[in-house]
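Have a look at the structure below before the remarks.
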Protein chains: 2
Amino acid sequence: MKKIPTKTYLREEELPKCWYNMKAVMKEQHEPFLNPKTLEPATEEELSKVFCSELVKQELNETDEYIPIPEEIQDFYKMFRPSPLIRAYCLEKELDTPAEIYYKFEGNNTSGSHKLNSAAAQVYYAKKEGLTSLTTETGAGQWGTALAMASVYYGIDLTVFMVKCSAEQKPHRKAVMQTYGANVVPSPSETTEVGRKILEEFPGTGGSLGCAISEAIEKSQKTPNCKYVLGSVLDHVSLHQSVIGLEAKTVLDKYGVTPDVIIGCAGGGSNLAGLIAPFVKDKINGTKNYRLVAVEPASCPSLTKGQYKYDYGDTGRTTPLMRMYSLGSGFMPAATHAGGLRFHGMSPVLSKLYHDGYIEAIAVQQTEVFDAAVRFARCEGILPAPESSHAIKVAIDEALKAKESGEKKVILFNLSGTGYFDMMSYTKFLENKMVDYVPTEEDLQKGFNSFLDIPQNK
Amino acid sequence: MKKIPTKTYLREEELPKCWYNMKAVMKEQHEPFLNPKTLEPATEEELSKVFCSELVKQELNETDEYIPIPEEIQDFYKMFRPSPLIRAYCLEKELDTPAEIYYKFEGNNTSGSHKLNSAAAQVYYAKKEGLTSLTTETGAGQWGTALAMASVYYGIDLTVFMVKCSAEQKPHRKAVMQTYGANVVPSPSETTEVGRKILEEFPGTGGSLGCAISEAIEKSQKTPNCKYVLGSVLDHVSLHQSVIGLEAKTVLDKYGVTPDVIIGCAGGGSNLAGLIAPFVKDKINGTKNYRLVAVEPASCPSLTKGQYKYDYGDTGRTTPLMRMYSLGSGFMPAATHAGGLRFHGMSPVLSKLYHDGYIEAIAVQQTEVFDAAVRFARCEGILPAPESSHAIKVAIDEALKAKESGEKKVILFNLSGTGYFDMMSYTKFLENKMVDYVPTEEDLQKGFNSFLDIPQNK
């Protein structure tokens, strides 16, 4: 048999021309978003007040399996795609496993992660709608960077509210966004009403993602021709990320390879959703028996410890309500947590697939994640993002299980990003200063207490 | 005519199986290295006391046009190569030029630059020779990172002497090397005799590349089974870098494209030498009239302001003497210089080609370089290293000249690295705090005074 190349890049003409909408093949849909004031399903019109109209249409689309990618977005994709599908020969050798390990590498662009797949689409639609500016929030900075790149490409102004402590800890990430022309505002700031209020109440606070979201939404609503955009969780974001899975499947099909286990890390869930998108149909139909695995941090375990409830998407409680696996919008991961994926909830579409038994979830500790990251970096030559390393950890575990059982398993995972801006966390790990953490019953209860007391099956 | 793809990756089976040794097609060779004690040509035996024997053989090889790449190195190359050849459609559009712009992108790996091409080879030969450890020095950190990656891959210990002020300013670069298992020692250190001596003389000094080289050489000579390796300047390094040009030429030939101008930045010179390697033969023979352009910083202008003399490769004056364009080993670029390429001399083989009129040289100011870098980043979606941005600046100038004259020029340049660890310099530029600098006659004279008073045509 011909040896499969270490890296395979699709040719430009083989790149996906459509996104894959897995909702079109799901037997049941997730519950609708609710307007938190009326507790009635949020209408297209209501959602369009906050989000771009075309994105709302995609968000609500449950029928079209394939949604064409506009040519302008395809052109943008050509700037940083295709991303390679890599056969991890060196890792296989290091583990001495009979398993075949493949990974899709999405960190091979200046934003450093898969986030650019959705940013490219979202800014295009904003521009097409006649908007002249956008706002968003960013924590670690990957989404903010991706959006800055897309905004400068399409010629649209961008304000990024960056969690203040993150902006201070990661001045270089901030500088990349500024290089791409973004206006980066450490949050909480004096530029919004909600920011000023928080600063008055908590002088000297380092901020939070919830607060940054609230500031970004306020600013978008007070600025003419401006809307707010979001980098994960929502279905249209997962839709855009389907290029990950589509490219991976095209390459695997070319070599006649069928994965047994498909693994992705899951914070908001978009990279996992994108990876599994084109595999879900066969899984649901029972044609293929893929194992689809979500890996989350033990310190923020929304799938494995959360509840399937209607909840806000932000700690500031300004978004529509979504039914999802959640630790409660009031849940806060430990300050010692360095591994990313800090979101209290999980993508509604992934939550539904998990609830219906199509997806498994595994929670892992951050020291074992960084251990896997270093091991991977040393043999595969790529420095992974802490987030992506959750998937690496479980891929390694699966390969070692295959070694024990002697099975020739085929493992596929998504390497969603690189860790160049996470060296403080790597150093902490290398110096043995990183500690693990699992929320106590009390921590969890505190989060659960923040759930709204509403009927949970609308 | 079929549109050329934005990015072209060679297939694995198309990757170079041999390096290209341009010395084999040069009509005259550069002068031999001299032993500084005897002023006699340094013998293979003498050189092998410092460098790996196989590398010395390559260094002195003036006859073999193609030198086979051992399969083990080819396997390593597959981890991070091929690098794409990119058609800069967006930059062409932004400049509104009739010119076609192509660039080879060598920063697409965790070391962030082309340096890994030579590190992969050098560590392989060290291992094959039975060495168990290596030493080197690093300034900005690209070479140290590349060597750390190669060392952990082949299972060899590495000590990197990193210029102390750089280690302090770039703790993240240091952390990447440590993640790859390297022992990083800020230089000057207490671990060597020369380090202790310098610390005694200049307590609190931030160190220099020259001092780091001296410490690395001392340590290599006092450690059993250990040698010293170098990331630029020498001919064997340029040889390994020929994969850049070979891949680029294979792609261009495929599309029937012939470049008119071939541009690379030049510090020690290895990335430019690698890019032009397979084009030099036709240039020398007069078969093709390529313009080959070296771009250097105006603050460290070895080709445009230097003298073609025998000089030491390091400020510490420990290396063999090389005849090269040099500002003198005593020359120091201004402290305000942020754009890299700080080496006082230039690769002997490039120096010879320049001396014989095959290569042009242009010196550019750092603010115009960063201006080009930001412009490029915003339309091509890649954040370039300051060093590589010297080539971008001149490529843009050439494209604008073509616009003026209406010529359909074909421009090829090497994007040798990414700027993720250079955000402090980008921020300085964006905040208008960057200043330009040209050495005064006095500065230059101070450098020239450090030349040895020896006959210059051995």
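Chain lettering (A, B, ...) mirrors the order of the structure tokens, residue numbering begins at 1 for each chain separately, and ligand numbering begins at 1 in order of display.
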Residue list (strand (DSSP E or B), DSSP) for stretch 234-299 of chain A, as a PyMOL selection string: chain A and resi 261-265+291-297
Residues of chain B within 6 Å of chain A, only C-alpha atoms counted, as a ChimeraX atom specification: /B:110,172,180,378,382,423
Surrounding residues of B:Lys219 excluding itself and chain neighbours under 3 positions, 9 Å, only C-alpha atoms, as a ChimeraX atom specification: /B:135,159,191-192,214-216,222-223,226-228
For the residues in the current selection, export N, CA and C atoms as a compact mmCIF listing (two decimals), in the first residue's frame.
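Contents of the output file again.txt:
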```txt
# COMPACT_ATOMS: atom_id res chain seq x y z
N THR B 135 26.16 23.16 21.47
CA THR B 135 25.96 24.50 22.03
C THR B 135 25.78 25.48 20.88
N THR B 159 22.54 23.38 24.71
CA THR B 159 22.65 24.57 25.54
C THR B 159 22.68 25.80 24.63
N THR B 191 28.69 30.41 33.99
CA THR B 191 28.98 29.02 33.65
C THR B 191 30.25 28.86 32.81
N THR B 192 30.80 29.96 32.30
CA THR B 192 32.03 29.84 31.51
C THR B 192 33.08 30.83 32.02
N SER B 214 31.25 33.37 22.13
CA SER B 214 32.46 32.94 22.84
C SER B 214 32.11 31.95 23.95
N GLU B 215 31.04 32.22 24.69
CA GLU B 215 30.63 31.29 25.75
C GLU B 215 30.24 29.93 25.17
N ALA B 216 29.49 29.97 24.05
CA ALA B 216 29.04 28.71 23.44
C ALA B 216 30.21 27.89 22.95
N LYS B 222 34.77 22.35 26.22
CA LYS B 222 35.04 21.75 27.54
C LYS B 222 34.08 20.61 27.88
N THR B 223 33.15 20.33 26.96
CA THR B 223 32.18 19.27 27.20
C THR B 223 32.50 18.08 26.30
N CYS B 226 30.80 17.10 22.36
CA CYS B 226 29.98 18.30 22.15
C CYS B 226 30.64 19.18 21.11
N LYS B 227 29.84 19.77 20.23
CA LYS B 227 30.38 20.76 19.30
C LYS B 227 29.48 21.98 19.26
N TYR B 228 29.99 22.98 18.55
CA TYR B 228 29.30 24.26 18.44
C TYR B 228 28.66 24.34 17.06
```
Spatial neighbours of A:Phe448, 9 Å, only C-alpha atoms, chain gap at least 4 places, as a PyMOL selection string: chain A and resi 306-307+326-331+443-444
DSSP-assigned alpha helix (DSSP H) members of stretch 80-300 of chain B, reported as a PyMOL selection string: chain B and resi 80+89-95+116-128+142-154+164-169+171-179+193-201+209-222+235-254+270-285
Give me the residues near A:Arg196 as a compact mmCIF listing (two decimals) with all heavy atoms, in the first residue's frame, where near means some atom within 12 Å (using only C-alpha atoms) and where sequence neighbours in that chain fewer than 6 positions away do not count.
```
# COMPACT_ATOMS: atom_id res chain seq x y z
N SER A 187 -11.40 46.13 29.16
CA SER A 187 -12.73 46.18 29.77
C SER A 187 -12.68 45.69 31.21
O SER A 187 -12.02 44.68 31.47
CB SER A 187 -13.69 45.32 28.95
OG SER A 187 -14.87 45.07 29.66
N PRO A 188 -13.36 46.32 32.17
CA PRO A 188 -14.30 47.44 32.00
C PRO A 188 -13.59 48.77 31.67
O PRO A 188 -12.48 49.01 32.13
CB PRO A 188 -14.98 47.52 33.36
CG PRO A 188 -14.07 46.86 34.32
CD PRO A 188 -13.32 45.83 33.54
N SER A 189 -14.33 49.59 30.91
CA SER A 189 -13.77 50.86 30.47
C SER A 189 -14.70 52.01 30.83
O SER A 189 -15.86 51.79 31.20
CB SER A 189 -13.58 50.83 28.96
OG SER A 189 -14.85 50.98 28.32
N GLU A 190 -14.19 53.21 30.64
CA GLU A 190 -15.01 54.41 30.87
C GLU A 190 -15.86 54.74 29.64
O GLU A 190 -16.61 55.70 29.64
CB GLU A 190 -14.09 55.61 31.16
CG GLU A 190 -13.30 55.53 32.46
CD GLU A 190 -14.16 55.85 33.69
OE1 GLU A 190 -15.32 56.27 33.52
OE2 GLU A 190 -13.68 55.64 34.81
N PHE A 202 -16.68 48.21 41.43
CA PHE A 202 -15.47 47.42 41.72
C PHE A 202 -14.23 48.12 41.19
O PHE A 202 -13.68 47.72 40.18
CB PHE A 202 -15.57 46.04 41.06
CG PHE A 202 -16.83 45.30 41.34
CD1 PHE A 202 -17.90 45.32 40.44
CD2 PHE A 202 -16.96 44.55 42.52
CE1 PHE A 202 -19.06 44.62 40.70
CE2 PHE A 202 -18.13 43.85 42.78
CZ PHE A 202 -19.19 43.89 41.88
N PRO A 203 -13.79 49.16 41.86
CA PRO A 203 -12.61 49.87 41.33
C PRO A 203 -11.42 48.91 41.28
O PRO A 203 -11.26 48.08 42.18
CB PRO A 203 -12.37 51.00 42.34
CG PRO A 203 -13.44 50.89 43.38
CD PRO A 203 -14.25 49.66 43.16
N GLY A 204 -10.66 49.00 40.19
CA GLY A 204 -9.48 48.14 40.09
C GLY A 204 -9.75 46.72 39.65
O GLY A 204 -8.84 45.90 39.64
N THR A 205 -10.98 46.40 39.26
CA THR A 205 -11.28 45.03 38.82
C THR A 205 -10.54 44.70 37.51
O THR A 205 -10.32 45.58 36.69
CB THR A 205 -12.79 44.83 38.60
OG1 THR A 205 -12.99 43.52 38.04
CG2 THR A 205 -13.37 45.85 37.64
N GLY A 207 -11.79 42.79 35.31
CA GLY A 207 -12.78 42.53 34.27
C GLY A 207 -13.14 41.07 34.12
O GLY A 207 -12.56 40.20 34.78
N CYS A 211 -18.60 40.94 31.36
CA CYS A 211 -18.61 42.40 31.35
C CYS A 211 -18.20 42.93 29.99
O CYS A 211 -18.80 43.90 29.47
CB CYS A 211 -17.66 42.89 32.45
SG CYS A 211 -17.18 44.58 32.27
N SER A 214 -21.09 42.70 27.62
CA SER A 214 -22.09 43.75 27.88
C SER A 214 -21.63 45.08 27.31
O SER A 214 -22.41 45.82 26.71
CB SER A 214 -22.33 43.89 29.38
OG SER A 214 -22.60 42.62 29.95
N GLU A 215 -20.36 45.41 27.47
CA GLU A 215 -19.85 46.67 26.91
C GLU A 215 -19.91 46.66 25.38
O GLU A 215 -20.30 47.65 24.76
CB GLU A 215 -18.39 46.91 27.35
CG GLU A 215 -18.24 47.34 28.80
CD GLU A 215 -16.91 48.08 29.04
OE1 GLU A 215 -16.86 49.31 28.81
OE2 GLU A 215 -15.94 47.40 29.44
```
Interatomic distance, atom CA of A:Ser347 to atom CA of A:Ala266 (Å, one decimal):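 Going from atom CA of A:Ser347 over to atom CA of A:Ala266, I get 8.9 Å.
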Do a neighbour search on B:Leu39 at 9 Å with only C-alpha atoms, toss out local chain neighbours closer than 4 positions, and write the hits as a CSV table (one decimal) with N, CA and C atoms, in the first residue's frame.
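Here's the written file around31.csv:
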```csv
chain,number,residue,atom,x,y,z
B,33,PHE,N,38.9,30.3,4.2
B,33,PHE,CA,39.0,30.8,5.6
B,33,PHE,C,40.4,30.7,6.1
B,34,LEU,N,40.8,31.6,6.9
B,34,LEU,CA,42.2,31.6,7.5
B,34,LEU,C,42.2,31.3,9.0
B,35,ASN,N,43.2,30.6,9.4
B,35,ASN,CA,43.4,30.4,10.8
B,35,ASN,C,44.0,31.7,11.3
B,321,LEU,N,39.1,33.5,10.2
B,321,LEU,CA,38.9,34.7,9.4
B,321,LEU,C,38.2,34.4,8.1
B,454,ILE,N,46.2,42.9,7.9
B,454,ILE,CA,46.8,41.7,7.3
B,454,ILE,C,46.6,41.9,5.8
B,458,LYS,N,44.7,36.6,0.1
B,458,LYS,CA,45.5,35.4,0.4
B,458,LYS,C,45.3,34.4,-0.8
```
Residue among A:Ala294, A:Val233, A:Leu116, A:Ala372 lying closest to A:Gly313, counting only C-alpha atoms: A:Val233
Test item: residues at most 8 Å from A:Asp64, only C-alpha atoms, excluding those fewer than 2 positions along its chain, as a PyMOL selection string: chain A and resi 21+24+61-62+66-67
Can I get the selection written as a PDB file, in the first residue's frame, with N, CA, C and O atoms?
```pdb
ATOM      1  N   ASN A  21     -24.473  22.166   7.075  1.00  0.00           N
ATOM      2  CA  ASN A  21     -25.400  22.502   8.156  1.00  0.00           C
ATOM      3  C   ASN A  21     -25.937  21.230   8.786  1.00  0.00           C
ATOM      4  O   ASN A  21     -26.902  20.639   8.290  1.00  0.00           O
ATOM      5  N   ALA A  24     -29.682  20.186   9.495  1.00  0.00           N
ATOM      6  CA  ALA A  24     -30.585  19.662   8.461  1.00  0.00           C
ATOM      7  C   ALA A  24     -30.698  18.142   8.511  1.00  0.00           C
ATOM      8  O   ALA A  24     -31.645  17.578   7.949  1.00  0.00           O
ATOM      9  N   ASN A  61     -31.620  28.359  10.271  1.00  0.00           N
ATOM     10  CA  ASN A  61     -31.819  27.424   9.153  1.00  0.00           C
ATOM     11  C   ASN A  61     -31.709  25.962   9.614  1.00  0.00           C
ATOM     12  O   ASN A  61     -30.653  25.514  10.046  1.00  0.00           O
ATOM     13  N   GLU A  62     -32.816  25.241   9.529  1.00  0.00           N
ATOM     14  CA  GLU A  62     -32.823  23.832   9.955  1.00  0.00           C
ATOM     15  C   GLU A  62     -33.060  22.895   8.783  1.00  0.00           C
ATOM     16  O   GLU A  62     -33.270  21.704   8.965  1.00  0.00           O
ATOM     17  N   TYR A  66     -26.635  21.918   2.730  1.00  0.00           N
ATOM     18  CA  TYR A  66     -25.467  22.644   2.216  1.00  0.00           C
ATOM     19  C   TYR A  66     -25.816  24.116   2.009  1.00  0.00           C
ATOM     20  O   TYR A  66     -26.820  24.419   1.378  1.00  0.00           O
ATOM     21  N   ILE A  67     -25.022  25.004   2.543  1.00  0.00           N
ATOM     22  CA  ILE A  67     -25.248  26.439   2.370  1.00  0.00           C
ATOM     23  C   ILE A  67     -24.051  27.025   1.616  1.00  0.00           C
ATOM     24  O   ILE A  67     -22.908  26.927   2.099  1.00  0.00           O
TER      25      ILE A  67
END
```
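Using only C-alpha atoms, the shortest contact distance between A:Gln445 and any of A:His337, A:Lys305, A:Ile263, A:Ser118 is found at A:Lys305.
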